[in-house]
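Q: Input file: final-v9.txt. Contents: compact mmCIF, C-alpha atoms.
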# COMPACT_ATOMS: atom_id res chain seq x y z
CA MET A 215 -76.75 -130.09 -10.53
CA ARG A 216 -79.65 -130.12 -12.90
CA ARG A 217 -78.26 -130.33 -16.41
CA THR A 218 -80.28 -129.22 -19.44
CA VAL A 219 -80.49 -131.50 -22.47
CA PHE A 220 -81.84 -130.48 -25.85
CA VAL A 221 -84.42 -132.24 -28.01
CA LEU A 222 -84.43 -130.66 -31.46
CA ASP A 223 -87.14 -130.67 -34.06
CA LEU A 224 -85.94 -131.03 -37.66
CA ASP A 225 -88.10 -129.30 -40.34
CA GLY A 226 -88.10 -125.52 -39.88
CA THR A 227 -85.79 -125.84 -36.87
CA LEU A 228 -82.57 -127.27 -38.32
CA VAL A 229 -83.43 -127.35 -42.04
CA ASP A 230 -85.27 -124.82 -44.20
CA SER A 231 -87.91 -127.22 -45.48
CA VAL A 232 -91.27 -125.94 -44.17
CA TYR A 233 -92.42 -124.08 -47.28
CA GLN A 234 -91.61 -127.06 -49.50
CA HIS A 235 -93.59 -129.32 -47.16
CA VAL A 236 -96.51 -126.87 -47.26
CA LEU A 237 -96.68 -126.75 -51.07
CA ALA A 238 -96.18 -130.54 -51.30
CA TRP A 239 -99.20 -131.04 -49.01
CA GLN A 240 -101.22 -128.59 -51.09
CA GLU A 241 -100.33 -130.57 -54.22
CA ALA A 242 -101.32 -133.86 -52.53
CA LEU A 243 -104.64 -132.45 -51.30
CA GLU A 244 -105.42 -130.97 -54.75
CA SER A 245 -104.81 -134.39 -56.31
CA GLU A 246 -107.64 -135.66 -54.06
CA GLY A 247 -109.90 -132.81 -55.18
CA ILE A 248 -109.46 -130.95 -51.90
CA PRO A 249 -108.65 -127.28 -52.52
CA LEU A 250 -107.16 -125.68 -49.41
CA SER A 251 -105.54 -122.28 -48.91
CA VAL A 252 -101.79 -122.53 -48.42
CA TRP A 253 -101.74 -120.55 -45.15
CA ARG A 254 -104.16 -123.03 -43.55
CA ILE A 255 -101.78 -125.89 -44.38
CA HIS A 256 -98.80 -123.88 -43.09
CA ARG A 257 -100.53 -123.38 -39.74
CA LYS A 258 -100.86 -127.19 -39.28
CA ILE A 259 -97.35 -128.13 -40.40
CA GLY A 260 -95.24 -129.72 -37.69
CA MET A 261 -97.91 -132.04 -36.40
CA SER A 262 -98.21 -135.64 -37.56
CA GLY A 263 -99.08 -135.80 -41.27
CA GLY A 264 -101.98 -138.14 -40.60
CA LEU A 265 -103.41 -135.95 -37.87
CA MET A 266 -102.92 -132.87 -40.03
CA THR A 267 -104.82 -134.28 -42.99
CA ASN A 268 -107.61 -135.50 -40.68
CA ILE A 269 -107.92 -132.05 -39.11
CA LEU A 270 -107.82 -130.22 -42.44
CA LEU A 271 -110.40 -132.58 -43.92
CA ARG A 272 -112.66 -132.27 -40.88
CA GLU A 273 -112.41 -128.45 -40.88
CA SER A 274 -113.31 -128.28 -44.55
CA GLY A 275 -116.07 -130.89 -44.41
CA PHE A 276 -114.39 -133.59 -46.53
CA GLU A 277 -114.60 -137.25 -45.74
CA ILE A 278 -111.76 -138.88 -43.85
CA ASP A 279 -110.93 -142.44 -44.74
CA ALA A 280 -107.84 -144.57 -44.28
CA ALA A 281 -107.21 -145.23 -47.98
CA ARG A 282 -107.35 -141.53 -48.82
CA GLY A 283 -105.01 -140.82 -45.89
CA GLU A 284 -102.51 -143.35 -47.23
CA ARG A 285 -102.72 -141.87 -50.76
CA LEU A 286 -102.18 -138.36 -49.34
CA ARG A 287 -99.13 -139.55 -47.39
CA ARG A 288 -97.60 -141.10 -50.52
CA THR A 289 -98.38 -138.16 -52.83
CA HIS A 290 -96.97 -135.71 -50.28
CA ALA A 291 -93.72 -137.70 -49.94
CA GLU A 292 -93.30 -137.76 -53.74
CA ALA A 293 -94.12 -134.06 -54.14
CA TYR A 294 -91.78 -133.17 -51.28
CA ASN A 295 -88.88 -135.25 -52.58
CA ARG A 296 -89.27 -133.54 -55.97
CA ARG A 297 -88.75 -130.19 -54.21
CA SER A 298 -86.06 -131.30 -51.77
CA ARG A 299 -83.04 -130.43 -53.93
CA ALA A 300 -83.61 -126.76 -53.02
CA ILE A 301 -83.56 -127.46 -49.27
CA ARG A 302 -80.65 -126.22 -47.14
CA PRO A 303 -79.71 -126.41 -43.46
CA LEU A 304 -80.79 -123.25 -41.63
CA PRO A 305 -78.06 -120.73 -40.69
CA GLY A 306 -76.24 -121.93 -37.59
CA ALA A 307 -77.80 -125.41 -37.59
CA ARG A 308 -74.52 -127.28 -38.05
CA ALA A 309 -72.73 -124.93 -35.63
CA LEU A 310 -75.44 -125.39 -32.99
CA VAL A 311 -75.28 -129.18 -32.95
CA ALA A 312 -71.46 -129.03 -33.11
CA HIS A 313 -71.48 -126.75 -30.05
CA LEU A 314 -73.72 -129.11 -28.10
CA THR A 315 -71.56 -132.11 -29.02
CA GLU A 316 -68.32 -130.33 -28.08
CA ALA A 317 -69.79 -129.03 -24.83
CA ARG A 318 -70.89 -132.61 -24.01
CA ILE A 319 -74.48 -131.48 -23.67
CA PRO A 320 -76.71 -134.41 -24.60
CA TRP A 321 -79.02 -133.75 -27.58
CA ALA A 322 -81.44 -135.70 -29.73
CA ILE A 323 -83.67 -135.13 -32.75
CA ALA A 324 -87.44 -135.69 -32.62
CA THR A 325 -89.44 -135.19 -35.81
CA SER A 326 -93.07 -135.68 -36.83
CA GLY A 327 -91.75 -136.76 -40.23
CA ARG A 328 -90.89 -140.29 -41.27
CA MET A 329 -87.33 -141.54 -41.77
CA GLU A 330 -88.15 -141.76 -45.51
CA THR A 331 -88.29 -137.93 -45.81
CA ALA A 332 -86.01 -137.10 -42.84
CA ARG A 333 -82.92 -139.12 -43.80
CA PRO A 334 -81.73 -136.92 -46.72
CA VAL A 335 -81.93 -133.72 -44.65
CA LEU A 336 -80.28 -135.38 -41.63
CA GLU A 337 -77.43 -136.27 -43.98
CA THR A 338 -77.05 -132.66 -45.19
CA LEU A 339 -76.68 -131.72 -41.51
CA GLY A 340 -73.90 -134.27 -41.04
CA VAL A 341 -75.74 -135.99 -38.17
CA ASP A 342 -73.93 -139.10 -36.98
CA PHE A 343 -76.67 -141.74 -36.97
CA ASP A 344 -74.64 -143.98 -34.61
CA ARG A 345 -74.21 -141.35 -31.90
CA VAL A 346 -77.24 -139.07 -32.03
CA PRO A 347 -80.58 -140.44 -30.82
CA ILE A 348 -83.18 -139.82 -33.54
CA VAL A 349 -86.89 -140.35 -33.00
CA THR A 350 -89.14 -140.26 -36.06
CA ARG A 351 -92.86 -140.64 -36.50
CA ASP A 352 -92.25 -144.32 -37.40
CA GLU A 353 -91.34 -145.14 -33.79
CA VAL A 354 -94.23 -143.67 -31.82
CA ARG A 355 -97.95 -144.18 -31.80
CA TYR A 356 -98.77 -140.45 -31.92
CA ALA A 357 -96.68 -137.55 -33.22
CA LYS A 358 -96.97 -133.86 -32.20
CA PRO A 359 -98.91 -132.24 -30.62
CA ASP A 360 -98.94 -135.45 -28.54
CA PRO A 361 -95.91 -135.66 -26.25
CA ASP A 362 -94.75 -139.14 -27.36
CA LEU A 363 -91.87 -138.07 -29.63
CA PHE A 364 -90.27 -135.92 -26.93
CA LEU A 365 -90.81 -138.54 -24.23
CA ALA A 366 -89.16 -141.16 -26.47
CA ALA A 367 -86.22 -138.81 -27.12
CA ALA A 368 -85.69 -138.20 -23.39
CA LYS A 369 -85.82 -141.96 -22.82
CA LYS A 370 -83.16 -142.55 -25.49
CA LEU A 371 -81.02 -139.86 -23.83
CA ASP A 372 -81.72 -141.52 -20.47
CA VAL A 373 -82.74 -138.23 -18.83
CA PRO A 374 -86.00 -137.08 -17.22
CA ILE A 375 -88.20 -135.07 -19.58
CA GLU A 376 -88.53 -132.40 -16.87
CA THR A 377 -84.91 -131.32 -17.43
CA SER A 378 -85.22 -131.38 -21.23
CA THR A 379 -85.58 -128.35 -23.46
CA VAL A 380 -87.43 -128.82 -26.74
CA VAL A 381 -86.44 -126.59 -29.66
CA GLY A 382 -89.03 -126.23 -32.42
CA ASP A 383 -90.49 -123.80 -34.93
CA SER A 384 -94.18 -124.63 -34.73
CA VAL A 385 -97.00 -124.10 -32.29
CA TRP A 386 -97.35 -127.92 -32.20
CA ASP A 387 -93.79 -128.30 -30.89
CA MET A 388 -94.53 -125.85 -28.07
CA LEU A 389 -97.84 -127.52 -27.19
CA ALA A 390 -96.29 -131.00 -27.24
CA ALA A 391 -93.42 -129.75 -25.08
CA ARG A 392 -95.88 -128.51 -22.47
CA ARG A 393 -97.82 -131.76 -22.51
CA ALA A 394 -94.53 -133.58 -21.97
CA ARG A 395 -93.51 -131.11 -19.18
CA ALA A 396 -90.43 -130.08 -21.12
CA LEU A 397 -89.46 -126.46 -21.71
CA GLY A 398 -90.15 -125.16 -25.22
CA ILE A 399 -87.88 -122.83 -27.17
CA GLY A 400 -89.41 -121.42 -30.35
CA LEU A 401 -87.58 -120.48 -33.55
CA LEU A 402 -89.06 -118.12 -36.15
CA SER A 403 -87.43 -120.04 -39.00
CA GLY A 404 -90.56 -122.06 -39.75
CA GLY A 405 -92.58 -118.93 -40.50
CA TYR A 406 -94.71 -118.68 -37.35
CA ALA A 407 -94.77 -115.32 -35.58
CA SER A 408 -93.17 -114.75 -32.22
CA GLU A 409 -96.54 -114.08 -30.57
CA GLU A 410 -97.99 -117.37 -31.82
CA LEU A 411 -95.10 -119.34 -30.33
CA GLU A 412 -95.26 -117.41 -27.05
CA ARG A 413 -99.00 -117.92 -26.81
CA ALA A 414 -98.40 -121.66 -27.24
CA GLY A 415 -96.07 -121.56 -24.27
CA ALA A 416 -92.59 -120.84 -25.65
CA TYR A 417 -90.16 -120.03 -22.83
CA ARG A 418 -87.95 -118.07 -25.23
CA VAL A 419 -88.11 -117.29 -28.96
CA PHE A 420 -85.08 -116.90 -31.24
CA GLU A 421 -84.84 -116.21 -34.97
CA ASP A 422 -83.07 -119.37 -36.07
CA PRO A 423 -80.34 -121.80 -34.88
CA ALA A 424 -77.64 -119.13 -35.37
CA ASP A 425 -79.54 -116.70 -33.13
CA MET A 426 -80.17 -119.42 -30.53
CA LEU A 427 -76.46 -120.30 -30.51
CA ARG A 428 -75.60 -116.64 -29.83
CA HIS A 429 -77.79 -116.86 -26.71
CA ILE A 430 -76.92 -120.43 -25.72
CA ASP A 431 -75.44 -119.48 -22.31
CA GLU A 432 -78.83 -118.01 -21.29
CA ILE A 433 -80.66 -121.27 -21.76
CA GLY A 434 -78.51 -123.84 -20.06
CA GLY A 435 -76.19 -124.51 -22.97
CA ARG A 436 -72.92 -123.35 -21.44
CA ARG A 437 -69.77 -125.36 -22.03
CA MET B 62 -122.88 -89.43 -45.34
CA ARG B 63 -119.36 -90.69 -45.30
CA ARG B 64 -119.20 -93.69 -47.58
CA THR B 65 -116.45 -96.31 -47.27
CA VAL B 66 -114.60 -97.43 -50.39
CA PHE B 67 -112.30 -100.42 -50.58
CA VAL B 68 -108.78 -100.63 -51.97
CA LEU B 69 -107.78 -104.28 -52.25
CA ASP B 70 -104.33 -105.79 -52.37
CA LEU B 71 -103.94 -108.75 -54.75
CA ASP B 72 -101.34 -111.39 -53.75
CA GLY B 73 -102.32 -113.13 -50.50
CA THR B 74 -105.50 -111.03 -50.29
CA LEU B 75 -107.52 -112.10 -53.34
CA VAL B 76 -105.29 -114.86 -54.75
CA ASP B 77 -103.35 -117.60 -52.99
CA SER B 78 -99.97 -116.72 -54.47
CA VAL B 79 -97.74 -115.67 -51.56
CA TYR B 80 -95.90 -118.96 -51.03
CA GLN B 81 -95.13 -119.25 -54.75
CA HIS B 82 -93.77 -115.69 -54.74
CA VAL B 83 -91.64 -116.52 -51.69
CA LEU B 84 -90.06 -119.62 -53.25
CA ALA B 85 -89.60 -117.80 -56.58
CA TRP B 86 -87.67 -115.03 -54.78
CA GLN B 87 -85.58 -117.64 -52.98
CA GLU B 88 -84.75 -119.25 -56.32
CA ALA B 89 -83.81 -115.84 -57.82
CA LEU B 90 -81.62 -114.94 -54.84
CA GLU B 91 -79.89 -118.35 -54.92
CA SER B 92 -79.12 -117.82 -58.62
CA GLU B 93 -77.16 -114.73 -57.52
CA GLY B 94 -75.30 -116.73 -54.87
CA ILE B 95 -77.38 -115.21 -52.05
CA PRO B 96 -78.66 -117.94 -49.71
CA LEU B 97 -81.53 -116.62 -47.58
CA SER B 98 -83.89 -118.48 -45.27
CA VAL B 99 -87.38 -118.74 -46.70
CA TRP B 100 -89.12 -117.24 -43.63
CA ARG B 101 -87.05 -114.04 -43.96
CA ILE B 102 -88.25 -113.62 -47.55
CA HIS B 103 -91.85 -114.35 -46.50
CA ARG B 104 -91.70 -111.54 -43.92
CA LYS B 105 -90.75 -109.01 -46.64
CA ILE B 106 -93.27 -110.13 -49.27
CA GLY B 107 -95.88 -107.52 -50.10
CA MET B 108 -93.49 -104.64 -50.37
CA SER B 109 -91.99 -103.49 -53.66
CA GLY B 110 -89.76 -106.20 -55.14
CA GLY B 111 -86.90 -103.75 -55.60
CA LEU B 112 -87.14 -102.47 -52.05
CA MET B 113 -87.42 -106.03 -50.74
CA THR B 114 -84.27 -107.22 -52.48
CA ASN B 115 -82.39 -104.10 -51.33
CA ILE B 116 -83.46 -104.68 -47.73
CA LEU B 117 -82.67 -108.40 -47.81
CA LEU B 118 -79.25 -107.71 -49.37
CA ARG B 119 -78.48 -104.96 -46.86
CA GLU B 120 -79.53 -107.13 -43.90
CA SER B 121 -77.33 -109.99 -45.06
CA GLY B 122 -74.36 -107.82 -46.03
CA PHE B 123 -74.46 -108.39 -49.80
CA GLU B 124 -73.78 -105.67 -52.31
CA ILE B 125 -76.72 -103.85 -53.87
CA ASP B 126 -76.35 -102.77 -57.47
CA ALA B 127 -78.85 -101.89 -60.17
CA ALA B 128 -77.84 -104.63 -62.62
CA ARG B 129 -78.18 -107.31 -59.94
CA GLY B 130 -81.57 -105.85 -58.98
CA GLU B 131 -82.75 -106.08 -62.57
CA ARG B 132 -81.52 -109.68 -62.91
CA LEU B 133 -83.31 -110.61 -59.64
CA ARG B 134 -86.55 -109.05 -60.89
CA ARG B 135 -86.39 -111.01 -64.15
CA THR B 136 -85.41 -114.32 -62.54
CA HIS B 137 -88.19 -113.95 -59.96
CA ALA B 138 -90.80 -113.27 -62.67
CA GLU B 139 -89.71 -116.38 -64.59
CA ALA B 140 -89.61 -118.58 -61.48
CA TYR B 141 -93.00 -117.26 -60.37
CA ASN B 142 -94.66 -117.77 -63.76
CA ARG B 143 -93.36 -121.36 -63.78
CA ARG B 144 -95.21 -121.91 -60.48
CA SER B 145 -98.34 -119.93 -61.31
CA ARG B 146 -100.38 -122.79 -62.74
CA ALA B 147 -101.03 -123.96 -59.16
CA ILE B 148 -102.36 -120.56 -58.05
CA ARG B 149 -106.06 -120.16 -57.22
CA PRO B 150 -108.28 -117.30 -56.07
CA LEU B 151 -108.70 -117.35 -52.30
CA PRO B 152 -112.04 -118.59 -50.89
CA GLY B 153 -114.61 -115.82 -51.15
CA ALA B 154 -112.47 -113.55 -53.35
CA ARG B 155 -114.83 -113.61 -56.33
CA ALA B 156 -117.88 -113.32 -54.05
CA LEU B 157 -116.38 -110.37 -52.18
CA VAL B 158 -115.73 -108.26 -55.27
CA ALA B 159 -119.11 -109.28 -56.70
CA HIS B 160 -120.77 -108.08 -53.48
CA LEU B 161 -119.00 -104.71 -53.63
CA THR B 162 -119.95 -104.27 -57.28
CA GLU B 163 -123.61 -105.19 -56.69
CA ALA B 164 -123.82 -102.99 -53.60
CA ARG B 165 -122.39 -100.12 -55.69
CA ILE B 166 -119.52 -99.70 -53.24
CA PRO B 167 -116.53 -98.34 -55.15
CA TRP B 168 -113.46 -100.59 -55.09
CA ALA B 169 -110.03 -100.74 -56.68
CA ILE B 170 -107.00 -103.01 -56.72
CA ALA B 171 -103.54 -101.79 -55.65
CA THR B 172 -100.62 -104.20 -55.89
CA SER B 173 -96.87 -103.97 -55.36
CA GLY B 174 -96.53 -106.40 -58.27
CA ARG B 175 -96.15 -105.46 -61.90
CA MET B 176 -98.87 -105.93 -64.51
CA GLU B 177 -96.64 -108.64 -66.06
CA THR B 178 -97.23 -110.96 -63.07
CA ALA B 179 -100.60 -109.53 -61.94
CA ARG B 180 -102.54 -109.84 -65.20
CA PRO B 181 -102.97 -113.65 -65.22
CA VAL B 182 -104.27 -113.71 -61.63
CA LEU B 183 -106.57 -110.74 -62.23
CA GLU B 184 -108.01 -112.74 -65.12
CA THR B 185 -108.66 -115.80 -62.90
CA LEU B 186 -110.63 -113.44 -60.63
CA GLY B 187 -112.75 -112.24 -63.54
CA VAL B 188 -111.85 -108.60 -62.92
CA ASP B 189 -113.27 -106.28 -65.59
CA PHE B 190 -110.24 -104.21 -66.65
CA ASP B 191 -112.49 -101.54 -68.17
CA ARG B 192 -114.48 -100.91 -65.00
CA VAL B 193 -112.20 -101.61 -62.05
CA PRO B 194 -109.37 -99.16 -61.31
CA ILE B 195 -106.13 -101.14 -61.02
CA VAL B 196 -102.89 -99.62 -59.77
CA THR B 197 -99.72 -101.67 -60.20
CA ARG B 198 -96.13 -101.01 -59.30
CA ASP B 199 -95.53 -99.81 -62.88
CA GLU B 200 -97.57 -96.65 -62.25
CA VAL B 201 -96.08 -95.27 -59.06
CA ARG B 202 -92.63 -94.19 -58.02
CA TYR B 203 -92.63 -96.17 -54.77
CA ALA B 204 -94.63 -99.26 -53.84
CA LYS B 205 -95.56 -100.43 -50.30
CA PRO B 206 -94.78 -99.63 -47.53
CA ASP B 207 -94.86 -96.18 -49.16
CA PRO B 208 -98.41 -94.87 -49.47
CA ASP B 209 -98.27 -94.07 -53.21
CA LEU B 210 -100.22 -97.10 -54.50
CA PHE B 211 -103.15 -96.48 -52.17
CA LEU B 212 -103.15 -92.74 -52.84
CA ALA B 213 -103.21 -93.43 -56.58
CA ALA B 214 -106.10 -95.89 -56.15
CA ALA B 215 -108.14 -93.34 -54.17
CA LYS B 216 -107.44 -90.77 -56.87
CA LYS B 217 -108.65 -93.16 -59.59
CA LEU B 218 -111.79 -93.78 -57.53
CA ASP B 219 -112.11 -90.01 -57.05
CA VAL B 220 -112.55 -90.29 -53.28
CA PRO B 221 -110.51 -88.94 -50.36
CA ILE B 222 -108.03 -91.48 -48.96
CA GLU B 223 -109.36 -90.74 -45.46
CA THR B 224 -112.62 -92.54 -46.26
CA SER B 225 -110.87 -95.50 -47.90
CA THR B 226 -110.33 -98.89 -46.34
CA VAL B 227 -107.31 -100.87 -47.48
CA VAL B 228 -107.52 -104.66 -47.38
CA GLY B 229 -104.23 -106.55 -47.33
CA ASP B 230 -102.46 -109.61 -45.96
CA SER B 231 -99.07 -108.19 -45.10
CA VAL B 232 -97.58 -105.92 -42.49
CA TRP B 233 -96.48 -103.65 -45.38
CA ASP B 234 -100.10 -103.15 -46.46
CA MET B 235 -101.05 -102.08 -42.93
CA LEU B 236 -98.06 -99.73 -42.59
CA ALA B 237 -98.68 -98.17 -46.03
CA ALA B 238 -102.37 -97.75 -45.16
CA ARG B 239 -101.43 -95.80 -42.03
CA ARG B 240 -98.98 -93.62 -43.91
CA ALA B 241 -101.76 -92.88 -46.40
CA ARG B 242 -104.27 -92.22 -43.55
CA ALA B 243 -106.52 -95.02 -44.79
CA LEU B 244 -107.94 -97.70 -42.52
CA GLY B 245 -106.25 -101.11 -42.80
CA ILE B 246 -108.01 -104.46 -42.67
CA GLY B 247 -105.73 -107.48 -42.38
CA LEU B 248 -106.31 -110.96 -43.80
CA LEU B 249 -104.48 -114.04 -42.50
CA SER B 250 -104.45 -115.60 -45.96
CA GLY B 251 -100.91 -114.41 -46.72
CA GLY B 252 -99.47 -116.32 -43.77
CA TYR B 253 -98.84 -113.49 -41.32
CA ALA B 254 -100.18 -113.90 -37.79
CA SER B 255 -103.06 -111.86 -36.43
CA GLU B 256 -100.80 -110.21 -33.84
CA GLU B 257 -98.32 -109.07 -36.48
CA LEU B 258 -101.06 -107.38 -38.51
CA GLU B 259 -102.59 -105.80 -35.42
CA ARG B 260 -99.23 -104.50 -34.27
CA ALA B 261 -98.79 -102.90 -37.71
CA GLY B 262 -102.07 -101.08 -37.19
CA ALA B 263 -104.81 -103.34 -38.58
CA TYR B 264 -108.24 -102.04 -37.60
CA ARG B 265 -109.73 -105.54 -37.94
CA VAL B 266 -108.31 -108.93 -38.93
CA PHE B 267 -110.22 -111.63 -40.84
CA GLU B 268 -109.13 -115.05 -42.05
CA ASP B 269 -109.62 -114.56 -45.79
CA PRO B 270 -112.00 -112.82 -48.25
CA ALA B 271 -114.81 -115.28 -47.36
CA ASP B 272 -114.51 -114.42 -43.67
CA MET B 273 -114.37 -110.69 -44.44
CA LEU B 274 -117.51 -110.98 -46.57
CA ARG B 275 -119.33 -112.66 -43.66
CA HIS B 276 -118.53 -109.55 -41.58
CA ILE B 277 -118.92 -106.94 -44.33
CA ASP B 278 -121.75 -105.08 -42.59
CA GLU B 279 -119.44 -104.34 -39.65
CA ILE B 280 -116.91 -102.51 -41.76
CA GLY B 281 -118.94 -100.17 -43.91
CA GLY B 282 -119.76 -102.64 -46.66
CA ARG B 283 -123.53 -102.74 -46.27
CA ARG B 284 -125.70 -102.78 -49.40
Represent the structure contained in this file as structure tokens.

A:
Amino acid sequence: MRRTVFVLDLDGTLVDSVYQHVLAWQEALESEGIPLSVWRIHRKIGMSGGLMTNILLRESGFEIDAARGERLRRTHAEAYNRRSRAIRPLPGARALVAHLTEARIPWAIATSGRMETARPVLETLGVDFDRVPIVTRDEVRYAKPDPDLFLAAAKKLDVPIETSTVVGDSVWDMLAARRARALGIGLLSGGYASEELERAGAYRVFEDPADMLRHIDEIGGRR
Amino acid sequence: MRRTVFVLDLDGTLVDSVYQHVLAWQEALESEGIPLSVWRIHRKIGMSGGLMTNILLRESGFEIDAARGERLRRTHAEAYNRRSRAIRPLPGARALVAHLTEARIPWAIATSGRMETARPVLETLGVDFDRVPIVTRDEVRYAKPDPDLFLAAAKKLDVPIETSTVVGDSVWDMLAARRARALGIGLLSGGYASEELERAGAYRVFEDPADMLRHIDEIGGRR
């Protein structure tokens, strides 16, 4: 029997934090004198922060250098933490991970964020740090859309990536899932459109964790 | 000769204010004990605020009453104005309206917002209130996706709506344009995807005002 396991993204997938991340990046970029439209930042959210700033700077003709990248990372983390009081788990997020745990379906979390910003939201989800494998950007060389985070999660779960299903809200999750040869399930809760996720290779698209849980038997999540 | 005129939406079309509106609505709804995911609010932005809150409340099973609606409107306006310092015109917005004015192509602004929140951003755009027809939510019975705002703008311009082109960033702009029998041009700068705007009837989709200005000769905007 080929058993499905789930590798879950965090921001926009389990917690409603994408828009705060977007505005925190805008604030950080502005502080470097780099004015960028908010929608352009939104469309890059979900990939590694370093890669995102490099891409945004390259697209808009600004100079990329390591010191500026480090300042951007720090200013973003501060601006995000200032906004993080308003952040809530997405509907069904706690119920979804509880279902997987009860059904003894292995699951892990893989996020492009660093533990510094991820820990508080993982705590609001009630994730047991001793039992759930968590892979953050700190542990891999390259974050999404590179496949490393998902490969590391499958390794921690001790399963082949080819039987893993990645759940994410961004185009970068879907692209990284394909590069890793995992199956990608897209959620609309990060603010991408259904067609964008499908075009990036999503196998199925659901509204949010609650909607995915309602359809869990269709995607290998039966008890 | 059939001359095109342009009716321009404001938030997300000329100014980069959608994400601030979204988080301000979330804050207002939370203050009423109504927790809603941010992406769901984003997908309703652009329509009348009153209609939006009614629809969001109906979808999530909360009670709709006039007093609550009025409190939501006030709390949103306060929360939005607190965030509005960070709001900038979108790239090309000033150049686009300057081009239309110089080319003697009639244009107007039609927004689902009220003058109370629209005035400061209209000022950052340098709009001449004495020369440019401006229709806000205060002047019509129903805002988008009803056609009233666009019909009122065409009337102020003294042109038939059937030769008007509406420019907007949201699905509600495109739907209202069709109901009014205007042509709709979609901009990605409000955070909707190209496919969503096309599905709602967009005749063309551009990234933002700068991108639209680069293609202005294709859409009846020649000098």

Q: Chain B residues within 7 Å of chain A, counting all atoms listed in the file: which ones, as an NGL selection string?

A: :B and (77 or 98-100 or 151 or 250-252 or 254 or 256)

Q: Output as JSON the centre and edge lengths (Å, one decimal) of the box along x, y and z of the file that holds every listed atom of stretch 220-223 of chain A after adding 4 Å on each side.

A:
{"center_x": -84.5, "center_y": -131.4, "center_z": -30.0, "size_x": 13.3, "size_y": 9.8, "size_z": 16.2}

Q: Go through B:Gly153, B:Val188, B:Ala204, B:Leu118 one by one, measure the shortest atom-to-atom distance of each to B:Phe267 using only C-alpha atoms, and give the residue with the smallest value.

A: B:Gly153

Q: Give as a list in words each residue that has an atom at most 9 Å from (-85.3, -134.9, -20.2) in the file, counting all atoms listed in the file.

A: Thr218, Val219, Phe220, Val221, Phe364, Leu365, Ala367, Ala368, Lys369, Leu371, Asp372, Val373, Pro374, Ile375, Glu376, Thr377, Ser378, Thr379 and Ala396 of chain A

Q: Excluding A:Leu339 and residues on its chain fewer than 2 positions from it, collect all residues at most 8 Å away from it, counting only C-alpha atoms, and give them as a list in words.

A: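 In the requested form, the answer reads Pro303, Ala307, Arg308, Val335, Leu336, Glu337 and Val341 of chain A.
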
Q: As an exercise, work out the distance from atom CA of B:Pro194 to atom CA of B:Pro167 in Å and give it to one decimal place.

A: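 Here the two named atoms are 9.5 Å from each other.
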
Q: Measure the distance from atom CA of B:Ala179 to atom CA of B:Leu161 in Å and round it to one decimal.

A: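 Straight-line distance from atom CA of B:Ala179 to atom CA of B:Leu161 works out to 20.8 Å.
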
Q: When you look at stretch 258-270 of chain A with a cut-off of 9 Å (counting all atoms listed in the file), what residues show up, excluding the ones that are within fewer than 5 positions of it in the same chain? I need them as a PDB file with C-alpha atoms, in the coordinates of the input.

A:
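out10.pdb was written with the following content:
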ATOM      1  CA  ASP A 223     -87.140-130.670 -34.060  1.00  0.00           C
ATOM      2  CA  ASP A 225     -88.100-129.300 -40.340  1.00  0.00           C
ATOM      3  CA  GLY A 226     -88.100-125.520 -39.880  1.00  0.00           C
ATOM      4  CA  VAL A 232     -91.270-125.940 -44.170  1.00  0.00           C
ATOM      5  CA  HIS A 235     -93.590-129.320 -47.160  1.00  0.00           C
ATOM      6  CA  VAL A 236     -96.510-126.870 -47.260  1.00  0.00           C
ATOM      7  CA  TRP A 239     -99.200-131.040 -49.010  1.00  0.00           C
ATOM      8  CA  LEU A 243    -104.640-132.450 -51.300  1.00  0.00           C
ATOM      9  CA  LEU A 250    -107.160-125.680 -49.410  1.00  0.00           C
ATOM     10  CA  TRP A 253    -101.740-120.550 -45.150  1.00  0.00           C
ATOM     11  CA  GLY A 275    -116.070-130.890 -44.410  1.00  0.00           C
ATOM     12  CA  PHE A 276    -114.390-133.590 -46.530  1.00  0.00           C
ATOM     13  CA  GLU A 277    -114.600-137.250 -45.740  1.00  0.00           C
ATOM     14  CA  ILE A 278    -111.760-138.880 -43.850  1.00  0.00           C
ATOM     15  CA  ASP A 279    -110.930-142.440 -44.740  1.00  0.00           C
ATOM     16  CA  GLY A 283    -105.010-140.820 -45.890  1.00  0.00           C
ATOM     17  CA  GLU A 284    -102.510-143.350 -47.230  1.00  0.00           C
ATOM     18  CA  LEU A 286    -102.180-138.360 -49.340  1.00  0.00           C
ATOM     19  CA  ARG A 287     -99.130-139.550 -47.390  1.00  0.00           C
ATOM     20  CA  THR A 325     -89.440-135.190 -35.810  1.00  0.00           C
ATOM     21  CA  SER A 326     -93.070-135.680 -36.830  1.00  0.00           C
ATOM     22  CA  GLY A 327     -91.750-136.760 -40.230  1.00  0.00           C
ATOM     23  CA  ARG A 351     -92.860-140.640 -36.500  1.00  0.00           C
ATOM     24  CA  TYR A 356     -98.770-140.450 -31.920  1.00  0.00           C
ATOM     25  CA  ALA A 357     -96.680-137.550 -33.220  1.00  0.00           C
ATOM     26  CA  LYS A 358     -96.970-133.860 -32.200  1.00  0.00           C
ATOM     27  CA  PRO A 359     -98.910-132.240 -30.620  1.00  0.00           C
ATOM     28  CA  ASP A 360     -98.940-135.450 -28.540  1.00  0.00           C
ATOM     29  CA  GLY A 382     -89.030-126.230 -32.420  1.00  0.00           C
ATOM     30  CA  ASP A 383     -90.490-123.800 -34.930  1.00  0.00           C
ATOM     31  CA  SER A 384     -94.180-124.630 -34.730  1.00  0.00           C
ATOM     32  CA  VAL A 385     -97.000-124.100 -32.290  1.00  0.00           C
ATOM     33  CA  TRP A 386     -97.350-127.920 -32.200  1.00  0.00           C
ATOM     34  CA  ASP A 387     -93.790-128.300 -30.890  1.00  0.00           C
TER      35      ASP A 387
END
